[in-house]
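Source file work-v4.cif; content: mmCIF, C-alpha atoms.
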```
data_upload
loop_
_atom_site.label_atom_id
_atom_site.label_comp_id
_atom_site.auth_asym_id
_atom_site.auth_seq_id
_atom_site.Cartn_x
_atom_site.Cartn_y
_atom_site.Cartn_z
CA MET A 19 -54.41 -1.92 -7.46
CA HIS A 20 -54.32 -5.07 -5.32
CA SER A 21 -56.68 -3.66 -2.66
CA PHE A 22 -56.97 -6.19 0.21
CA ILE A 23 -55.10 -8.91 -1.70
CA PRO A 24 -51.44 -9.46 -0.66
CA PRO A 25 -49.43 -8.09 -3.61
CA GLU A 26 -47.45 -11.30 -4.02
CA ARG A 27 -50.78 -13.15 -4.49
CA PHE A 28 -52.25 -10.71 -7.05
CA PHE A 29 -52.28 -12.39 -10.46
CA PRO A 30 -52.05 -9.21 -12.59
CA TYR A 31 -48.75 -8.26 -10.94
CA LEU A 32 -47.10 -11.30 -12.56
CA THR A 33 -45.30 -11.03 -15.89
CA TRP A 34 -46.05 -13.36 -18.78
CA THR A 35 -42.61 -14.91 -18.44
CA GLU A 36 -43.22 -15.64 -14.75
CA ILE A 37 -46.48 -17.33 -15.70
CA GLN A 38 -44.85 -19.27 -18.53
CA GLY A 39 -42.13 -20.61 -16.22
CA MET A 40 -44.34 -21.29 -13.21
CA PRO A 41 -43.84 -24.85 -11.90
CA ASN A 42 -46.68 -27.28 -11.14
CA LYS A 43 -49.09 -24.98 -12.95
CA GLU A 44 -51.82 -27.60 -13.12
CA ASN A 45 -52.19 -27.41 -9.31
CA VAL A 46 -51.86 -23.64 -8.85
CA VAL A 47 -55.15 -22.30 -7.49
CA ILE A 48 -56.53 -19.31 -9.40
CA ILE A 49 -59.37 -17.50 -7.64
CA GLN A 50 -61.87 -15.18 -9.34
CA PRO A 51 -63.72 -13.04 -6.75
CA VAL A 52 -67.21 -12.20 -8.01
CA GLY A 53 -69.47 -9.60 -6.45
CA ALA A 54 -72.10 -7.10 -7.52
CA ILE A 55 -72.85 -3.38 -7.56
CA GLU A 56 -76.34 -3.23 -6.12
CA GLN A 57 -78.40 -1.52 -3.46
CA HIS A 58 -77.94 -2.64 0.13
CA GLY A 59 -80.45 -0.42 1.90
CA PRO A 60 -79.92 3.18 3.02
CA HIS A 61 -76.98 2.34 5.29
CA LEU A 62 -74.60 0.30 3.11
CA PRO A 63 -72.80 1.15 -0.14
CA LEU A 64 -73.48 -0.54 -3.46
CA ILE A 65 -70.13 -2.35 -3.32
CA VAL A 66 -70.98 -4.71 -0.44
CA ASP A 67 -70.81 -8.07 -2.24
CA ALA A 68 -67.61 -7.23 -4.12
CA ALA A 69 -66.04 -5.83 -0.95
CA ILE A 70 -66.86 -9.01 0.98
CA SER A 71 -65.30 -11.18 -1.75
CA VAL A 72 -62.03 -9.27 -1.91
CA GLY A 73 -61.91 -8.59 1.85
CA VAL A 74 -62.39 -12.23 2.83
CA LEU A 75 -60.07 -13.50 0.09
CA GLY A 76 -57.34 -11.02 0.99
CA LYS A 77 -57.51 -12.08 4.63
CA ALA A 78 -57.43 -15.76 3.67
CA LEU A 79 -54.48 -15.39 1.31
CA SER A 80 -52.53 -13.49 3.96
CA LYS A 81 -52.97 -16.52 6.28
CA LEU A 82 -52.31 -19.19 3.65
CA ASP A 83 -49.08 -21.19 3.80
CA ALA A 84 -46.60 -19.52 1.43
CA ASN A 85 -45.80 -22.94 -0.07
CA ILE A 86 -49.31 -23.25 -1.48
CA PRO A 87 -49.48 -21.39 -4.83
CA ALA A 88 -52.72 -19.43 -5.05
CA TYR A 89 -53.45 -16.17 -6.86
CA ALA A 90 -56.39 -13.78 -6.95
CA LEU A 91 -57.68 -12.37 -10.21
CA PRO A 92 -59.07 -8.82 -10.24
CA THR A 93 -62.53 -8.73 -8.71
CA LEU A 94 -65.46 -9.00 -11.09
CA TYR A 95 -67.49 -6.15 -9.64
CA TYR A 96 -70.62 -6.38 -11.78
CA GLY A 97 -73.04 -9.27 -11.43
CA LYS A 98 -76.58 -10.34 -12.21
CA SER A 99 -78.50 -8.00 -9.93
CA ASN A 100 -81.78 -7.39 -11.72
CA GLU A 101 -83.78 -8.32 -8.61
CA HIS A 102 -82.54 -5.00 -7.17
CA TRP A 103 -82.82 -2.76 -10.23
CA HIS A 104 -85.88 -0.90 -8.93
CA PHE A 105 -83.50 0.78 -6.47
CA PRO A 106 -81.32 3.55 -8.00
CA GLY A 107 -77.62 2.80 -8.38
CA THR A 108 -77.91 -0.92 -9.00
CA ILE A 109 -75.89 -2.01 -12.04
CA THR A 110 -76.70 -5.39 -13.53
CA LEU A 111 -75.42 -7.71 -16.20
CA SER A 112 -77.72 -10.17 -17.91
CA THR A 113 -77.32 -13.86 -17.21
CA GLU A 114 -75.91 -14.26 -20.70
CA THR A 115 -73.32 -11.49 -20.30
CA LEU A 116 -72.16 -12.70 -16.89
CA THR A 117 -71.92 -16.28 -18.15
CA ALA A 118 -69.97 -15.22 -21.24
CA THR A 119 -67.59 -13.13 -19.11
CA ILE A 120 -66.89 -16.02 -16.74
CA MET A 121 -66.43 -18.46 -19.60
CA GLU A 122 -63.99 -16.21 -21.47
CA VAL A 123 -61.94 -15.34 -18.37
CA ALA A 124 -61.78 -19.04 -17.49
CA GLU A 125 -60.70 -20.03 -20.99
CA SER A 126 -57.90 -17.45 -20.83
CA ILE A 127 -56.72 -19.00 -17.57
CA TYR A 128 -56.88 -22.46 -19.14
CA ARG A 129 -54.86 -21.34 -22.18
CA ALA A 130 -52.15 -20.09 -19.81
CA GLY A 131 -51.78 -23.65 -18.51
CA PHE A 132 -53.72 -23.47 -15.25
CA ARG A 133 -56.16 -26.24 -14.42
CA LYS A 134 -57.81 -25.12 -11.15
CA LEU A 135 -60.16 -22.14 -11.04
CA VAL A 136 -62.31 -21.03 -8.12
CA LEU A 137 -65.34 -18.82 -8.76
CA MET A 138 -65.65 -17.09 -5.37
CA ASN A 139 -69.10 -15.52 -5.51
CA SER A 140 -70.53 -13.31 -2.76
CA HIS A 141 -73.84 -12.29 -4.37
CA GLY A 142 -76.84 -14.45 -3.49
CA GLY A 143 -78.57 -13.76 -6.81
CA GLN A 144 -76.12 -15.63 -9.00
CA PRO A 145 -74.81 -18.95 -7.58
CA GLN A 146 -76.70 -20.82 -10.30
CA VAL A 147 -74.86 -18.83 -12.99
CA MET A 148 -71.53 -19.88 -11.46
CA GLN A 149 -72.62 -23.51 -11.27
CA MET A 150 -73.77 -23.69 -14.89
CA ALA A 151 -70.65 -21.94 -16.20
CA ALA A 152 -68.41 -24.24 -14.15
CA ARG A 153 -70.16 -27.35 -15.48
CA ASP A 154 -69.94 -26.15 -19.08
CA LEU A 155 -66.24 -25.37 -18.69
CA HIS A 156 -65.52 -28.83 -17.33
CA VAL A 157 -67.55 -30.45 -20.10
CA LYS A 158 -65.52 -28.51 -22.67
CA TYR A 159 -62.15 -29.11 -20.96
CA SER A 160 -62.19 -32.40 -19.08
CA ASP A 161 -58.90 -31.65 -17.27
CA PHE A 162 -60.15 -28.27 -16.02
CA SER A 163 -61.36 -28.31 -12.39
CA VAL A 164 -63.71 -25.38 -11.78
CA PHE A 165 -65.16 -24.75 -8.33
CA PRO A 166 -68.34 -22.60 -8.19
CA LEU A 167 -68.26 -21.60 -4.52
CA PHE A 168 -70.34 -19.17 -2.46
CA THR A 169 -68.26 -17.09 -0.07
CA TRP A 170 -70.54 -17.77 2.90
CA ARG A 171 -70.73 -21.57 2.44
CA VAL A 172 -67.34 -22.38 3.99
CA PRO A 173 -67.32 -23.37 7.68
CA HIS A 174 -67.73 -20.30 9.91
CA ILE A 175 -69.37 -19.10 13.12
CA THR A 176 -71.60 -16.31 11.79
CA LYS A 177 -74.97 -17.86 12.69
CA GLU A 178 -73.82 -18.24 16.30
CA LEU A 179 -73.60 -14.43 16.48
CA LEU A 180 -77.10 -13.76 15.08
CA THR A 181 -80.58 -13.97 16.55
CA PRO A 182 -82.59 -17.02 15.43
CA LYS A 183 -84.84 -14.81 13.29
CA GLU A 184 -81.90 -13.10 11.64
CA ALA A 185 -80.15 -16.42 11.03
CA THR A 186 -83.16 -17.76 9.12
CA GLN A 187 -84.73 -14.64 7.55
CA GLY A 188 -81.88 -12.13 7.23
CA MET A 189 -81.10 -12.37 3.52
CA HIS A 190 -79.76 -8.99 2.43
CA ALA A 191 -78.04 -6.02 4.12
CA GLY A 192 -78.79 -7.42 7.56
CA ASP A 193 -76.67 -8.02 10.64
CA ALA A 194 -74.00 -10.25 9.09
CA GLU A 195 -73.30 -8.15 6.00
CA THR A 196 -73.40 -4.92 7.96
CA SER A 197 -71.09 -6.26 10.67
CA ILE A 198 -68.51 -7.55 8.21
CA MET A 199 -68.63 -4.25 6.32
CA LEU A 200 -67.85 -2.50 9.63
CA ALA A 201 -64.71 -4.65 9.68
CA ILE A 202 -63.79 -4.20 6.00
CA LEU A 203 -64.93 -0.68 5.05
CA PRO A 204 -66.16 1.00 8.24
CA ASP A 205 -66.08 4.53 6.80
CA GLN A 206 -68.65 3.52 4.18
CA VAL A 207 -71.26 2.27 6.67
CA LYS A 208 -74.00 4.70 7.77
CA LEU A 209 -75.26 2.79 10.79
CA ASP A 210 -77.42 5.71 11.90
CA GLN A 211 -79.52 5.15 8.76
CA ALA A 212 -79.98 1.40 9.28
CA VAL A 213 -83.53 0.07 9.35
CA ALA A 214 -84.82 -3.42 10.05
CA GLU A 215 -87.25 -5.03 7.61
CA TYR A 216 -88.14 -8.68 7.17
CA PRO A 217 -90.08 -10.26 4.27
CA PRO A 218 -93.78 -11.08 4.67
CA GLU A 219 -94.31 -14.45 6.28
CA GLN A 220 -95.76 -17.30 4.26
CA PRO A 221 -99.08 -18.73 5.52
CA GLU A 222 -98.70 -21.13 8.44
CA GLY A 223 -97.88 -24.61 7.21
CA SER A 224 -96.86 -23.42 3.74
CA LEU A 225 -94.30 -25.52 1.91
CA LEU A 226 -93.07 -22.47 0.01
CA SER A 227 -90.44 -19.97 1.10
CA TRP A 228 -88.65 -16.90 -0.22
CA GLU A 229 -85.40 -18.82 -0.06
CA GLY A 230 -84.94 -22.53 0.53
CA LYS A 231 -85.93 -25.87 -0.94
CA LEU A 232 -89.20 -24.69 -2.52
CA PRO A 233 -88.62 -21.01 -3.31
CA VAL A 234 -90.83 -18.37 -4.92
CA ALA A 235 -89.29 -16.09 -7.55
CA TRP A 236 -89.17 -12.53 -6.23
CA VAL A 237 -87.62 -9.13 -6.76
CA THR A 238 -86.59 -7.04 -3.79
CA LYS A 239 -89.39 -4.47 -4.06
CA ASP A 240 -91.91 -7.33 -3.63
CA ILE A 241 -90.71 -8.01 -0.10
CA SER A 242 -88.93 -4.86 1.11
CA LYS A 243 -89.52 -1.12 0.85
CA SER A 244 -86.10 -0.16 2.20
CA GLY A 245 -84.06 -2.69 0.25
CA VAL A 246 -83.08 -4.35 3.54
CA ILE A 247 -84.12 -7.93 4.26
CA GLY A 248 -83.00 -8.44 7.85
CA ASP A 249 -81.97 -6.38 10.85
CA PRO A 250 -78.75 -4.37 10.51
CA THR A 251 -79.43 -2.30 13.63
CA THR A 252 -77.73 -4.90 15.83
CA ALA A 253 -74.52 -4.98 13.77
CA THR A 254 -71.16 -4.22 15.43
CA LYS A 255 -67.56 -4.03 14.32
CA GLU A 256 -66.62 -6.56 16.99
CA LYS A 257 -69.03 -9.04 15.41
CA GLY A 258 -67.68 -8.15 11.99
CA ASP A 259 -64.08 -8.78 13.03
CA ARG A 260 -65.05 -12.22 14.33
CA ILE A 261 -67.02 -13.03 11.17
CA LEU A 262 -64.14 -11.93 8.92
CA GLU A 263 -61.65 -14.05 10.84
CA SER A 264 -63.93 -17.08 10.84
CA VAL A 265 -64.98 -16.94 7.17
CA SER A 266 -61.40 -16.31 6.04
CA ASP A 267 -60.23 -19.30 8.11
CA GLY A 268 -62.82 -21.38 6.27
CA TRP A 269 -61.41 -20.18 2.97
CA VAL A 270 -57.86 -21.08 3.98
CA ALA A 271 -59.07 -24.63 4.58
CA VAL A 272 -60.91 -24.77 1.25
CA ILE A 273 -57.97 -23.40 -0.76
CA LYS A 274 -55.70 -26.02 0.81
CA GLU A 275 -58.15 -28.76 -0.16
CA ILE A 276 -58.47 -27.46 -3.72
CA TYR A 277 -54.67 -27.40 -4.06
CA ALA A 278 -54.58 -31.08 -3.07
CA PHE A 279 -57.62 -32.00 -5.21
CA ARG A 280 -57.13 -34.43 -8.09
CA GLN A 281 -59.81 -34.87 -10.74
CA PRO A 282 -61.01 -38.48 -10.98
CA SER A 283 -59.65 -40.15 -14.13
#
```

Let me see the structure of the file written as structure tokens.
Amino acid sequence: MHSFIPPERFFPYLTWTEIQGMPNKENVVIIQPVGAIEQHGPHLPLIVDAAISVGVLGKALSKLDANIPAYALPTLYYGKSNEHWHFPGTITLSTETLTATIMEVAESIYRAGFRKLVLMNSHGGQPQVMQMAARDLHVKYSDFSVFPLFTWRVPHITKELLTPKEATQGMHAGDAETSIMLAILPDQVKLDQAVAEYPPEQPEGSLLSWEGKLPVAWVTKDISKSGVIGDPTTATKEKGDRILESVSDGWVAVIKEIYAFRQPS
């Protein structure tokens, strides 16, 4: 049941008495991996975002100093994926349902006496949901530190391994995601079916972009026929192994910092 998570770090394997008697509970780091079940082109399975969350977190927790108490909750597999729902197989929650789920899970963790919760999100369509839920939780419980983090925002070397075009325009099911999936779940990658497809370019000099400071709202079918936004054809397991090591190292550093974090009084 623990998948990639070290069993001694898997929260549901604890008993209620172990949780009740846990020392220094206010500084124990509880991590909620959040993914999605959504299309990732013809070459990747629907589980990509959830697999990246649990794969990276499992690797990070296996490296983490045993003296730092940190536990993974079961992965939240479903997310807000309605930008992909024109592609069969995508399963989506509404913003309201995802928010309510996060809020209620978080409140259960708070009731158990924990005061540090990380929302480790790997799906690019829902960081804002994490941020709003985290803010509302902290407003409601002033001693509750909630960290709405995106898996790929920790320090890592991934962009060094990509072409300049892929580093700036590869948004979904491209080289990075395909490479890391070759490291995490290689048997589920159909590299022979990979196709490259980039979004239409904005007019020269435009201030707008598909992603960035001045974005345009879009759904995937607006900008991709295959469901791919990037170039997965250059992906390799060697690259994926390096990405997984680097991103998980970044998460080790972040978990350490969260453990030491103290909310300003």

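Here CA of His104 in chain A and CA of Arg171 in chain A stand 28.0 Å from one another.
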
Spatial neighbours of Asp193 in chain A, 10 Å, all atoms listed in the file, chain gap at least 5 places, as a VMD selection string: chain A and resid 176 179 to 181 184 to 185 188 198 to 199 214 247 to 254 257 to 258

Could you spell out the hits of the PyMOL selection byres ((chain A and resi 210) around 10) on the shown file, as a PyMOL selection string? chain A and resi 60-61+207-209+211-213+251

Convert the current residue selection to file output with C-alpha atoms, as a compact mmCIF listing (two decimals), in the coordinates of the input.
```txt
# COMPACT_ATOMS: atom_id res chain seq x y z
CA PRO A 60 -79.92 3.18 3.02
CA HIS A 61 -76.98 2.34 5.29
CA VAL A 207 -71.26 2.27 6.67
CA LYS A 208 -74.00 4.70 7.77
CA LEU A 209 -75.26 2.79 10.79
CA GLN A 211 -79.52 5.15 8.76
CA ALA A 212 -79.98 1.40 9.28
CA VAL A 213 -83.53 0.07 9.35
CA THR A 251 -79.43 -2.30 13.63
```

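The space separating CA of Val72 in chain A from CA of Trp236 in chain A comes to 27.7 Å.
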
Residues returned when the PyMOL selection byres ((chain A and resi 59) around 7) runs on this file, as a ChimeraX atom specification: /A:57-58,60-62,191,244-246

Just C-alpha atoms for this one: save the residues we selected as a short mmCIF file (atom, residue, chain, number, x, y, z; two decimals), keeping the file's coordinate frame.
```cif
data_model
loop_
_atom_site.label_atom_id
_atom_site.label_comp_id
_atom_site.auth_asym_id
_atom_site.auth_seq_id
_atom_site.Cartn_x
_atom_site.Cartn_y
_atom_site.Cartn_z
CA GLN A 57 -78.40 -1.52 -3.46
CA HIS A 58 -77.94 -2.64 0.13
CA PRO A 60 -79.92 3.18 3.02
CA HIS A 61 -76.98 2.34 5.29
CA LEU A 62 -74.60 0.30 3.11
CA ALA A 191 -78.04 -6.02 4.12
CA SER A 244 -86.10 -0.16 2.20
CA GLY A 245 -84.06 -2.69 0.25
CA VAL A 246 -83.08 -4.35 3.54
#
```

Mind dumping a table of every range 147-244 of chain A residue within 9 Å of range 105-127 of chain A, with the nearest atom pair and its distance in Å to one decimal, using only C-alpha atoms, sorted by chain and rising number, as CSV?
```
residue,atom,partner,partner_atom,distance
A:Val147,CA,A:Thr117,CA,6.5
A:Met148,CA,A:Thr117,CA,7.6
A:Met150,CA,A:Thr117,CA,8.3
A:Ala151,CA,A:Thr117,CA,6.1
A:Ala152,CA,A:Met121,CA,8.2
A:Asp154,CA,A:Met121,CA,8.5
A:Leu155,CA,A:Met121,CA,7.0
A:Val164,CA,A:Ala124,CA,8.7
A:Thr238,CA,A:Phe105,CA,8.8
A:Lys239,CA,A:Phe105,CA,8.3
```

Using Å and a single decimal, report how far CA of Ser197 in chain A sits from CA of Val237 in chain A. 24.2 Å

Could you spell out the hits of the PyMOL selection byres ((chain A and resi 75-90) around 7) on the shown file, as a PyMOL selection string? chain A and resi 22-24+27-29+46-50+71-74+91-92+266-267+269-270

Selection file, C-alpha atoms, as a tab-separated table (two decimals), in the coordinates of the input:
```tsv
chain	number	residue	atom	x	y	z
A	22	PHE	CA	-56.97	-6.19	0.21
A	23	ILE	CA	-55.10	-8.91	-1.70
A	24	PRO	CA	-51.44	-9.46	-0.66
A	27	ARG	CA	-50.78	-13.15	-4.49
A	28	PHE	CA	-52.25	-10.71	-7.05
A	29	PHE	CA	-52.28	-12.39	-10.46
A	46	VAL	CA	-51.86	-23.64	-8.85
A	47	VAL	CA	-55.15	-22.30	-7.49
A	48	ILE	CA	-56.53	-19.31	-9.40
A	49	ILE	CA	-59.37	-17.50	-7.64
A	50	GLN	CA	-61.87	-15.18	-9.34
A	71	SER	CA	-65.30	-11.18	-1.75
A	72	VAL	CA	-62.03	-9.27	-1.91
A	73	GLY	CA	-61.91	-8.59	1.85
A	74	VAL	CA	-62.39	-12.23	2.83
A	91	LEU	CA	-57.68	-12.37	-10.21
A	92	PRO	CA	-59.07	-8.82	-10.24
A	266	SER	CA	-61.40	-16.31	6.04
A	267	ASP	CA	-60.23	-19.30	8.11
A	269	TRP	CA	-61.41	-20.18	2.97
A	270	VAL	CA	-57.86	-21.08	3.98
```
